[in-house]
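File shown here: query-v8.txt, holding compact mmCIF, C-alpha atoms.
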```txt
# COMPACT_ATOMS: atom_id res chain seq x y z
CA MET L 1 0.95 -65.02 13.86
CA GLU L 2 3.54 -67.76 14.27
CA GLN L 3 7.09 -67.31 15.52
CA ILE L 4 9.46 -65.97 12.87
CA ASN L 5 12.17 -68.47 11.96
CA SER L 6 13.84 -67.37 8.75
CA ASN L 7 15.92 -69.88 6.77
CA ASP L 8 17.86 -66.97 5.28
CA LYS L 9 20.91 -66.75 7.54
CA ASN L 10 22.09 -63.56 5.83
CA CYS L 11 18.83 -61.74 6.56
CA LEU L 12 19.22 -59.22 9.38
CA ALA L 13 15.55 -58.31 9.55
CA ARG L 14 12.31 -58.54 7.61
CA VAL L 15 10.97 -55.03 7.05
CA LEU L 16 7.47 -53.92 6.05
CA LEU L 17 6.60 -50.33 5.11
CA ILE L 18 2.94 -49.34 4.67
CA THR L 19 1.18 -46.12 3.79
CA ALA L 20 -2.56 -45.76 4.36
CA ASN L 21 -4.86 -42.77 4.04
CA VAL L 22 -7.50 -43.69 6.62
CA GLY L 23 -9.83 -40.69 6.40
CA THR L 24 -12.77 -42.79 5.21
CA ILE L 25 -12.13 -45.47 7.85
CA PHE L 26 -12.53 -42.98 10.66
CA GLU L 27 -15.77 -41.65 9.25
CA ASN L 28 -17.31 -45.13 9.14
CA LEU L 29 -15.32 -47.02 11.76
CA ASP L 30 -18.01 -49.56 12.69
CA VAL L 31 -18.30 -50.79 9.11
CA LEU L 32 -14.83 -50.34 7.59
CA PHE L 33 -12.38 -51.06 10.41
CA GLU L 34 -12.87 -54.83 10.45
CA PRO L 35 -12.22 -55.44 6.71
CA TRP L 36 -9.34 -52.94 6.82
CA MET L 37 -7.74 -54.71 9.79
CA ASN L 38 -8.35 -58.17 8.33
CA GLU L 39 -6.47 -57.29 5.15
CA PHE L 40 -3.68 -55.71 7.19
CA THR L 41 -3.22 -58.81 9.36
CA LYS L 42 -3.37 -61.13 6.34
CA LYS L 43 -0.34 -59.33 4.97
CA LEU L 44 1.47 -59.65 8.31
CA THR L 45 0.71 -63.37 8.51
CA LYS L 46 2.04 -63.93 5.01
CA LEU L 47 5.19 -61.79 5.16
CA LYS L 48 6.09 -62.20 8.86
CA PRO L 49 7.84 -58.82 9.19
CA GLU L 50 9.97 -58.08 12.23
CA PHE L 51 9.90 -54.31 11.86
CA ILE L 52 6.79 -52.50 10.63
CA ALA L 53 6.52 -48.83 9.75
CA LEU L 54 2.90 -47.82 9.16
CA HIS L 55 2.26 -44.25 8.05
CA MET L 56 -1.32 -43.01 8.13
CA GLN L 57 -2.83 -39.79 6.81
CA GLU L 58 -6.11 -38.02 7.63
CA ILE L 59 -6.33 -39.47 11.12
CA GLY L 60 -9.75 -38.61 12.48
CA GLY L 61 -11.27 -38.42 9.02
CA LYS L 62 -12.01 -35.56 6.69
CA ASN L 63 -14.41 -34.15 9.30
CA TYR L 64 -11.77 -34.43 11.99
CA LYS L 65 -13.42 -32.10 14.50
CA THR L 66 -16.22 -34.63 14.96
CA SER L 67 -14.44 -37.89 14.00
CA MET L 68 -11.28 -37.43 16.10
CA GLN L 69 -13.10 -39.16 18.97
CA SER L 70 -12.71 -42.41 17.00
CA ILE L 71 -8.94 -42.47 17.59
CA ASP L 72 -9.15 -44.29 20.94
CA PRO L 73 -11.44 -47.12 19.75
CA PHE L 74 -9.38 -47.45 16.56
CA PHE L 75 -6.11 -48.07 18.39
CA LYS L 76 -7.69 -50.20 21.13
CA LYS L 77 -8.93 -52.55 18.43
CA PHE L 78 -5.67 -52.31 16.51
CA LEU L 79 -3.38 -53.13 19.45
CA SER L 80 -5.64 -55.90 20.80
CA ASN L 81 -5.43 -57.85 17.54
CA SER L 82 -3.77 -61.25 18.02
CA CYS L 83 -1.21 -60.57 15.27
CA ILE L 84 -0.10 -57.34 16.90
CA GLN L 85 0.46 -59.09 20.25
CA HIS L 86 3.75 -60.49 18.95
CA TYR L 87 5.12 -56.97 18.58
CA ASN L 88 6.20 -56.23 22.14
CA ARG L 89 7.53 -52.72 21.47
CA TYR L 90 5.84 -49.94 19.60
CA LEU L 91 5.87 -46.21 19.00
CA ILE L 92 2.67 -44.46 17.92
CA ALA L 93 2.69 -40.71 17.28
CA ILE L 94 -0.73 -39.19 16.51
CA ASP L 95 -0.87 -35.53 15.50
CA SER L 96 -4.46 -34.93 16.57
CA ASP L 97 -4.58 -31.41 18.07
CA PHE L 98 -6.72 -29.68 15.44
CA THR L 99 -6.97 -26.54 17.61
CA ASP L 100 -3.33 -25.78 16.75
CA GLU L 101 -4.17 -24.48 13.29
CA ASN L 102 -0.58 -23.54 12.42
CA ASN L 103 0.89 -26.99 13.10
CA PHE L 104 -1.85 -29.63 12.86
CA THR L 105 -1.19 -32.24 10.12
CA SER L 106 -3.55 -35.13 10.98
CA LEU L 107 -0.66 -37.57 10.41
CA CYS L 108 0.04 -40.71 12.42
CA ASN L 109 3.27 -42.74 12.50
CA VAL L 110 3.11 -46.30 13.86
CA TYR L 111 6.21 -48.48 14.38
CA LEU L 112 5.96 -52.08 15.56
CA ILE L 113 8.94 -54.17 16.68
CA HIS L 114 8.65 -57.96 16.80
CA GLU L 115 9.61 -59.93 19.89
CA SER L 116 12.20 -61.86 17.84
CA LEU L 117 14.39 -58.73 17.64
CA LYS L 118 16.69 -58.21 20.62
CA GLN L 119 16.60 -55.05 22.69
CA ASP L 120 19.80 -53.66 21.20
CA ASP L 121 18.74 -54.53 17.62
CA VAL L 122 16.52 -51.46 17.36
CA GLN L 123 17.38 -47.91 18.31
CA LEU L 124 15.43 -44.68 17.95
CA TYR L 125 16.82 -41.18 17.47
CA ASN L 126 16.13 -38.33 19.88
CA PHE L 127 16.12 -35.06 17.91
CA SER L 128 16.83 -32.99 21.04
CA ASP L 129 19.73 -35.05 22.43
CA LYS L 130 20.94 -35.84 18.89
CA LEU L 131 21.62 -39.49 19.65
CA HIS L 132 20.14 -42.97 19.21
CA PHE L 133 19.03 -45.06 22.18
CA ASN L 134 17.80 -48.63 22.59
CA TYR L 135 14.06 -48.55 22.07
CA THR L 136 12.36 -50.93 24.52
CA SER L 137 9.08 -49.12 25.13
CA ARG L 138 5.41 -49.20 24.28
CA GLN L 139 4.52 -45.57 23.77
CA ILE L 140 1.55 -43.70 22.35
CA PHE L 141 1.76 -39.94 21.90
CA SER L 142 -1.34 -38.07 20.81
CA GLY L 143 -2.59 -34.52 20.78
CA ASN L 144 -0.01 -31.77 20.27
CA LEU L 145 3.33 -33.23 19.13
CA ASN L 146 5.24 -29.97 18.68
CA ASN L 147 7.62 -30.65 21.59
CA ASN L 148 8.02 -34.39 21.05
CA HIS L 149 11.74 -35.10 20.61
CA LEU L 150 11.27 -38.54 19.03
CA ILE L 151 9.87 -37.04 15.84
CA TYR L 152 10.43 -34.05 13.58
CA LYS L 153 7.18 -32.53 12.35
CA GLU L 154 6.19 -29.69 10.04
CA ARG L 155 3.00 -28.41 8.51
CA TYR L 156 3.64 -26.74 5.17
CA LYS L 157 3.53 -22.97 5.41
CA LYS L 158 1.02 -20.82 3.61
CA HIS L 159 3.41 -19.77 0.83
CA PHE L 160 3.16 -23.31 -0.60
CA PHE L 161 -0.58 -22.70 -1.10
CA LYS L 162 -0.60 -19.45 -3.05
CA ASP L 163 -2.98 -20.83 -5.70
CA PHE L 164 -5.37 -22.71 -3.39
CA GLN L 165 -6.63 -22.98 0.18
CA TRP L 166 -4.18 -23.67 3.00
CA SER L 167 -4.79 -27.12 4.46
CA ARG L 168 -3.45 -29.66 6.98
CA LYS L 169 -0.64 -31.01 4.84
CA GLY L 170 2.85 -31.74 6.12
CA PHE L 171 5.31 -34.45 7.13
CA ILE L 172 6.60 -36.33 10.19
CA GLN L 173 10.13 -37.77 10.27
CA THR L 174 11.59 -40.46 12.53
CA LYS L 175 15.11 -41.89 12.53
CA TRP L 176 15.70 -45.55 13.36
CA ARG L 177 18.80 -47.72 13.68
CA LEU L 178 17.95 -51.30 12.75
CA LYS L 179 20.71 -53.87 13.18
CA LYS L 180 23.29 -51.03 13.06
CA HIS L 181 21.85 -49.55 9.86
CA ASP L 182 20.36 -46.06 10.03
CA PHE L 183 17.09 -45.33 8.26
CA ASP L 184 14.95 -42.22 8.05
CA PHE L 185 11.22 -42.88 7.66
CA VAL L 186 9.07 -39.92 6.64
CA ASN L 187 5.27 -39.79 6.62
CA ILE L 188 4.02 -37.23 4.11
CA HIS L 189 0.76 -35.76 2.87
CA LEU L 190 1.00 -33.44 -0.13
CA PHE L 191 -1.60 -31.16 -1.70
CA HIS L 192 -4.50 -32.51 -3.75
CA ASP L 193 -6.01 -31.07 -6.93
CA PRO L 194 -8.94 -28.85 -5.85
CA SER L 195 -10.22 -28.53 -9.43
CA ASN L 196 -10.04 -30.95 -12.35
CA LEU L 197 -10.73 -28.04 -14.69
CA VAL L 198 -7.67 -26.14 -13.50
CA ALA L 199 -5.47 -29.26 -13.49
CA LEU L 200 -5.99 -29.95 -17.19
CA ASN L 201 -4.93 -26.46 -18.26
CA SER L 202 -1.19 -27.12 -18.29
CA THR L 203 1.56 -29.73 -18.08
CA PRO L 204 2.68 -29.82 -15.36
CA SER L 205 -0.37 -28.44 -13.58
CA ILE L 206 -0.04 -25.67 -11.02
CA TYR L 207 -0.86 -28.27 -8.38
CA SER L 208 2.00 -30.51 -9.54
CA GLU L 209 4.37 -27.57 -9.26
CA SER L 210 3.26 -26.93 -5.67
CA ARG L 211 3.71 -30.60 -4.73
CA LYS L 212 7.17 -30.53 -6.27
CA LYS L 213 8.22 -27.53 -4.17
CA ALA L 214 6.84 -29.07 -0.98
CA LEU L 215 8.55 -32.43 -1.53
CA GLU L 216 11.86 -30.76 -2.37
CA TYR L 217 11.55 -28.73 0.81
CA SER L 218 10.84 -31.90 2.82
CA ILE L 219 13.93 -33.64 1.43
CA LYS L 220 16.00 -30.58 2.31
CA LYS L 221 14.79 -30.81 5.93
CA ILE L 222 15.52 -34.56 6.03
CA LYS L 223 19.10 -33.87 5.02
CA GLU L 224 19.44 -31.06 7.56
CA ASN L 225 18.47 -33.55 10.27
CA HIS L 226 21.12 -36.05 9.18
CA VAL L 227 23.23 -37.19 12.13
CA ASP L 228 26.66 -37.76 10.60
CA SER L 229 27.67 -36.13 7.33
CA ASN L 230 30.36 -38.82 6.90
CA ASP L 231 27.75 -41.59 6.72
CA PRO L 232 25.41 -41.88 3.75
CA ILE L 233 21.83 -40.88 4.48
CA MET L 234 19.20 -43.52 3.78
CA PHE L 235 15.62 -42.32 3.69
CA SER L 236 12.24 -43.55 2.55
CA ILE L 237 9.26 -41.23 2.19
CA PHE L 238 5.90 -42.94 2.13
CA GLY L 239 2.48 -41.42 2.37
CA ASP L 240 -0.22 -39.76 0.29
CA PHE L 241 1.73 -37.76 -2.29
CA ASN L 242 -1.46 -36.91 -4.17
CA PHE L 243 0.44 -37.40 -7.43
CA ARG L 244 -1.97 -37.09 -10.34
CA LEU L 245 -1.80 -38.10 -13.98
CA ASP L 246 -0.96 -35.61 -16.70
CA LEU L 247 -4.59 -34.84 -17.54
CA SER L 248 -3.87 -32.58 -20.47
CA THR L 249 -1.88 -35.23 -22.35
CA LEU L 250 -4.20 -38.07 -21.31
CA ILE L 251 -7.25 -36.28 -22.67
CA ASN L 252 -5.44 -35.35 -25.85
CA ASP L 253 -4.45 -38.98 -26.47
CA PHE L 254 -7.87 -40.53 -25.79
CA SER L 255 -10.08 -37.94 -27.45
CA ASN L 256 -10.11 -35.29 -30.13
CA LYS L 257 -9.15 -32.38 -27.91
CA GLY L 258 -10.30 -29.91 -30.53
CA ASN L 259 -13.79 -31.40 -30.39
CA LEU L 260 -15.07 -30.13 -27.07
CA VAL L 261 -18.11 -28.45 -25.62
CA GLU L 262 -17.83 -25.95 -22.77
CA PHE L 263 -20.60 -25.14 -20.31
CA LYS L 264 -20.46 -21.82 -18.45
CA ASP L 265 -22.66 -19.99 -15.97
CA ASN L 266 -24.15 -16.53 -16.47
CA ASN L 267 -20.88 -14.96 -15.36
CA GLN L 268 -18.92 -16.96 -17.93
CA LYS L 269 -17.33 -19.15 -15.27
CA LEU L 270 -16.43 -22.54 -16.72
CA LEU L 271 -18.53 -25.30 -15.13
CA LYS L 272 -18.03 -28.33 -17.34
CA VAL L 273 -16.11 -29.53 -20.39
CA VAL L 274 -17.11 -32.47 -22.58
CA PHE L 275 -14.42 -33.94 -24.83
CA LYS L 276 -15.51 -36.02 -27.81
CA ALA L 277 -13.87 -38.50 -30.14
CA SER L 278 -13.62 -38.04 -33.90
CA ASP L 279 -16.94 -39.92 -34.28
CA ASP L 280 -18.55 -37.31 -31.99
CA LYS L 281 -19.03 -39.76 -29.09
CA GLU L 282 -18.43 -38.35 -25.63
CA VAL L 283 -15.17 -39.59 -24.09
CA PHE L 284 -14.58 -37.32 -21.08
CA THR L 285 -16.94 -35.24 -18.99
CA ILE L 286 -15.00 -33.03 -16.60
CA GLU L 287 -16.18 -30.67 -13.89
CA GLU L 288 -14.40 -29.18 -10.90
CA LYS L 289 -14.94 -32.34 -8.82
CA LYS L 290 -16.13 -34.76 -11.49
CA PHE L 291 -14.14 -36.91 -13.89
CA LYS L 292 -16.14 -39.29 -16.06
CA TRP L 293 -14.31 -41.38 -18.63
CA ASN L 294 -16.44 -43.35 -21.08
CA HIS L 295 -13.78 -45.94 -21.75
CA ASN L 296 -14.64 -49.41 -23.04
CA SER L 297 -12.47 -51.05 -20.37
CA SER L 298 -12.26 -50.62 -16.64
CA ILE L 299 -9.59 -48.28 -15.37
CA GLN L 300 -7.80 -51.22 -13.76
CA ARG L 301 -7.49 -52.94 -17.15
CA VAL L 302 -5.84 -49.92 -18.68
CA LYS L 303 -3.46 -49.32 -15.78
CA THR L 304 -0.48 -50.13 -18.03
CA GLU L 305 -1.61 -47.47 -20.49
CA LEU L 306 -2.08 -44.97 -17.68
CA MET L 307 1.46 -45.43 -16.33
CA LYS L 308 2.99 -43.18 -18.98
CA TYR L 309 0.88 -40.25 -17.76
CA ASP L 310 2.24 -40.66 -14.22
CA ILE L 311 5.14 -38.23 -14.63
CA GLU L 312 5.32 -36.16 -11.44
CA LEU L 313 8.32 -37.93 -9.89
CA SER L 314 10.30 -37.51 -13.10
CA MET L 315 10.29 -33.73 -12.59
CA PHE L 316 12.58 -33.83 -9.55
CA GLU L 317 16.26 -32.98 -9.60
CA GLU L 318 16.75 -35.18 -6.53
CA PRO L 319 17.11 -38.79 -7.79
CA LEU L 320 14.19 -40.66 -6.24
CA TYR L 321 13.48 -44.35 -6.65
CA GLU L 322 10.56 -46.72 -6.44
CA ALA L 323 10.03 -50.45 -6.85
CA GLU L 324 8.16 -51.55 -9.94
CA ARG L 325 4.43 -50.84 -9.69
CA ASN L 326 2.15 -53.62 -10.86
CA PHE L 327 -0.88 -52.49 -8.87
CA PRO L 328 -3.71 -50.27 -10.13
CA PRO L 329 -4.14 -46.61 -9.16
CA SER L 330 -4.71 -46.37 -5.40
CA TYR L 331 -7.30 -43.56 -5.49
CA PRO L 332 -10.27 -42.72 -5.65
CA PHE L 333 -12.02 -46.00 -4.88
CA MET L 334 -15.70 -46.12 -4.06
CA GLU L 335 -16.45 -46.16 -0.34
CA GLU L 336 -19.28 -48.69 -0.45
CA ILE L 337 -18.69 -52.25 0.76
CA GLU L 338 -20.37 -53.73 -2.33
CA SER L 339 -18.06 -51.86 -4.76
CA PRO L 340 -14.52 -52.60 -3.53
CA ASP L 341 -12.72 -52.37 -6.89
CA GLU L 342 -14.62 -49.56 -8.61
CA TYR L 343 -13.54 -45.95 -8.84
CA MET L 344 -15.57 -42.89 -8.02
CA GLU L 345 -16.21 -40.43 -10.83
CA SER L 346 -14.68 -37.55 -8.91
CA ARG L 347 -11.04 -37.62 -10.01
CA CYS L 348 -8.98 -39.39 -12.61
CA PRO L 349 -7.65 -42.57 -10.93
CA SER L 350 -4.04 -41.98 -9.89
CA TRP L 351 -1.18 -43.51 -7.93
CA CYS L 352 -1.45 -41.09 -5.01
CA ASP L 353 -0.14 -43.46 -2.34
CA ARG L 354 3.51 -44.35 -2.86
CA ILE L 355 6.71 -45.53 -1.21
CA ILE L 356 9.80 -43.80 -2.59
CA MET L 357 13.39 -43.71 -1.43
CA ASN L 358 16.81 -42.30 -2.15
CA LYS L 359 19.57 -44.25 -3.83
CA ASN L 360 21.29 -45.44 -0.65
CA PHE L 361 18.05 -46.85 0.75
CA MET L 362 17.16 -48.40 -2.58
CA LYS L 363 20.33 -50.53 -2.58
CA PHE L 364 19.07 -52.47 0.43
CA VAL L 365 15.75 -53.10 -1.28
CA GLU L 366 17.24 -53.98 -4.66
CA LYS L 367 19.84 -56.38 -3.22
CA GLU L 368 17.17 -59.00 -2.60
CA SER L 369 14.76 -58.09 -5.39
CA GLU L 370 13.32 -61.62 -5.61
CA SER L 371 11.97 -61.38 -2.07
CA THR L 372 10.92 -57.74 -2.42
CA GLU L 373 7.19 -57.04 -2.74
CA TYR L 374 5.60 -53.72 -3.67
CA GLY L 375 1.86 -53.88 -3.84
CA MET L 376 -1.63 -52.96 -2.74
CA ILE L 377 -3.46 -54.21 0.36
CA GLY L 378 -7.13 -55.14 0.00
CA GLU L 379 -7.43 -54.87 -3.76
CA GLY L 380 -10.73 -56.76 -3.69
CA VAL L 381 -12.02 -55.36 -0.39
CA CYS L 382 -13.45 -51.95 0.48
CA MET L 383 -10.67 -50.08 2.29
CA GLY L 384 -12.05 -46.57 1.87
CA ASP L 385 -11.26 -44.17 -0.98
CA HIS L 386 -7.53 -44.97 -0.71
CA LYS L 387 -6.05 -48.47 -0.82
CA PRO L 388 -3.02 -49.02 1.46
CA ILE L 389 0.29 -49.60 -0.33
CA TYR L 390 3.12 -51.72 1.10
CA LEU L 391 6.79 -52.47 0.46
CA PHE L 392 8.37 -55.58 1.97
CA PHE L 393 12.09 -56.33 1.84
CA LYS L 394 14.76 -58.26 3.70
CA LEU L 395 17.53 -56.25 5.28
CA HIS L 396 20.93 -57.75 4.50
CA GLU L 397 24.43 -56.79 5.54
CA GLN L 398 26.24 -54.61 3.03
CA LYS L 399 29.87 -55.74 2.82
CA SER L 400 32.23 -52.99 1.73
CA GLN L 401 33.99 -54.84 -1.10
CA THR L 402 30.81 -56.32 -2.53
CA SER L 403 29.01 -53.04 -2.04
CA ALA L 404 31.60 -51.07 -4.02
CA ARG L 405 31.41 -53.47 -6.98
CA HIS L 406 27.65 -53.59 -6.75
CA ASP L 407 27.53 -49.78 -6.58
CA ASN L 408 29.47 -49.40 -9.84
CA GLU L 409 27.22 -51.88 -11.64
CA LEU L 410 24.14 -50.24 -10.19
CA ASN L 411 25.22 -46.75 -11.26
CA SER L 412 25.75 -47.96 -14.81
CA ARG L 413 22.29 -49.52 -14.98
CA ILE L 414 20.62 -46.52 -13.35
CA ASN L 415 22.15 -44.12 -15.84
CA LYS L 416 21.18 -46.23 -18.86
CA PHE L 417 17.60 -46.63 -17.70
CA GLY L 418 17.36 -43.00 -16.67
CA GLU L 419 18.24 -41.89 -20.18
CA ARG L 420 15.50 -44.08 -21.67
CA LEU L 421 12.95 -42.87 -19.12
CA ASN L 422 13.71 -39.20 -19.67
CA LYS L 423 13.31 -39.59 -23.42
CA SER L 424 9.95 -41.28 -22.87
CA VAL L 425 8.72 -38.59 -20.51
CA ASN L 426 9.97 -35.77 -22.70
CA ASN L 427 7.93 -37.14 -25.59
CA ASN L 428 4.85 -36.47 -23.45
CA ASN L 429 6.08 -33.16 -22.07
CA ASN L 430 8.67 -31.22 -24.00
CA ASN L 431 8.63 -28.46 -21.41
CA ASN L 432 9.98 -30.60 -18.55
CA ASN L 433 13.61 -31.04 -17.58
CA ASN L 434 13.45 -34.55 -16.11
CA GLU L 435 16.00 -36.37 -14.00
CA ASN L 436 16.48 -40.07 -13.27
CA PHE L 437 13.54 -42.03 -11.88
CA VAL L 438 14.08 -45.74 -11.69
CA ASN L 439 11.99 -48.88 -11.22
CA LEU L 440 14.00 -51.39 -9.23
CA ASN L 441 13.03 -54.42 -11.27
CA GLU L 442 14.71 -52.79 -14.27
CA ILE L 443 18.00 -52.87 -12.33
CA LYS L 444 19.15 -56.46 -12.33
```
Is it possible to give me this structure as structure tokens?
Amino acid sequence: MEQINSNDKNCLARVLLITANVGTIFENLDVLFEPWMNEFTKKLTKLKPEFIALHMQEIGGKNYKTSMQSIDPFFKKFLSNSCIQHYNRYLIAIDSDFTDENNFTSLCNVYLIHESLKQDDVQLYNFSDKLHFNYTSRQIFSGNLNNNHLIYKERYKKHFFKDFQWSRKGFIQTKWRLKKHDFDFVNIHLFHDPSNLVALNSTPSIYSESRKKALEYSIKKIKENHVDSNDPIMFSIFGDFNFRLDLSTLINDFSNKGNLVEFKDNNQKLLKVVFKASDDKEVFTIEEKKFKWNHNSSIQRVKTELMKYDIELSMFEEPLYEAERNFPPSYPFMEEIESPDEYMESRCPSWCDRIIMNKNFMKFVEKESESTEYGMIGEGVCMGDHKPIYLFFKLHEQKSQTSARHDNELNSRINKFGERLNKSVNNNNNNNNNENFVNLNEIK
């Protein structure tokens, strides 16, 4: 990776945020690490970021009790890569102590600082001392992170899981000061849908409701950890949100929902549902962990059509923002090397892996929308069942006079777009009370 020499004199720093569920990588490290790392370094070579925040979920794999031993070889290979050598400071926090059943999250936060940034350009917050300090170290923390003062970590309590099994879901927060601008970066892993059959029963599904409560709780904790109430908080949450499409409406739109066949066992437990079109052809075959869609196009080709069923973020009272998504659903891709762009028939393809932010953070991203990139890493390469998602932007100084004028214009555009979006979502779901959810490329 060559030396960074930006021609943009107003650019304070080039920032890259990445979220990657790496469960599959750890279960097949010898085969999948190299293509995963190659795609990662290609993105670094192209974008030349000076500050990288990489949030990983399912460290150690789904079978973490046996695959956790792969952590050391993973990071030895990762840190020895020639591209990474130019990042002379880093913080890696690996929550890997699976024996602590009440606190284990299997999350990993990685932050890389390029040698082009001066020592006082980057500061990290200590949650115990309640202050920022110049970060000049190369540190790796693994095992039990409960008493680590450089992060704030929680595993979601059991009351969030009243309708399904308690699992290793939670979030890890860090607070950075980059060129005198404070940012909160939060790694998150929300609950999945254990059963397709249950998920299609209502809009929103009971799983969506649980994710909503957990995310709202996480945002509440982020705000409680805010340093100075006089300064605006800027946070970005990126991870595996496990957001799923509105299955009930999707199935209704693509099939004759009244024309269905149910299969039950001897105890009348529902095992499978087949939805047919008006010509009696099978369109959907759905089981607890199976989702087969007999569509005449690939899922990737109909990603634009699927967008309107992606409504979970619109249910939040907290205004949350996201750059425009032009990439296909990030999950569930096949895990075989020879099938890098095909989906498994286990779940409906969804945009599970996301990078969202609050309004104050979004202003920095939107300011230079032409240089902003929000996309998928390794679209044509096997990266496991989840494809990594990235957001790249240039950090610019926010001048007070310009910022005030820009803020008024931005508010006007947000409100207008929010009204249109809510009307669109309410057409799909009359039971929801939706708040603003904005794509940045609409705000220009």
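Interatomic distance, CA of Asn187 (chain L) against CA of Pro328 (chain L): 21.7 Å.
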Can you tell me, as JSON, numbers by chain, what residues are no more than 12 Å from Pro388 (chain L) when counting all atoms listed in the file, ignoring any on the same chain fewer than 6 positions away?
{"L": [17, 18, 19, 20, 21, 22, 23, 25, 36, 37, 39, 40, 43, 54, 55, 56, 57, 238, 239, 240, 327, 328, 329, 330, 331, 332, 333, 351, 352, 353, 354, 355, 374, 375, 376, 377, 378, 379, 381, 382]}
Counting only C-alpha atoms, which residue out of L:Lys158, L:Lys153, L:His181, L:Lys264 sits closest to Ile94 (chain L)?
L:Lys153
Using only C-alpha atoms, find the one residue out of L:Thr41, L:Asn225, L:Ser248, L:Ser142 that sits nearest to Leu197 (chain L).
L:Ser248
In Å, rounded to a single decimal, give me how far CA of Phe104 (chain L) is from CA of Phe33 (chain L).
24.0 Å
What is the CA of Val283 (chain L) to CA of Gly258 (chain L) distance in Å?
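Here the two named atoms are 12.6 Å from each other.
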Any idea what's packed within 7 Å of region 228-237 of chain L, counting only C-alpha atoms, ignoring anything in its chain fewer than 3 positions away? Could you give it as number ranges by chain?
L: 182-188, 355-358, 360-361
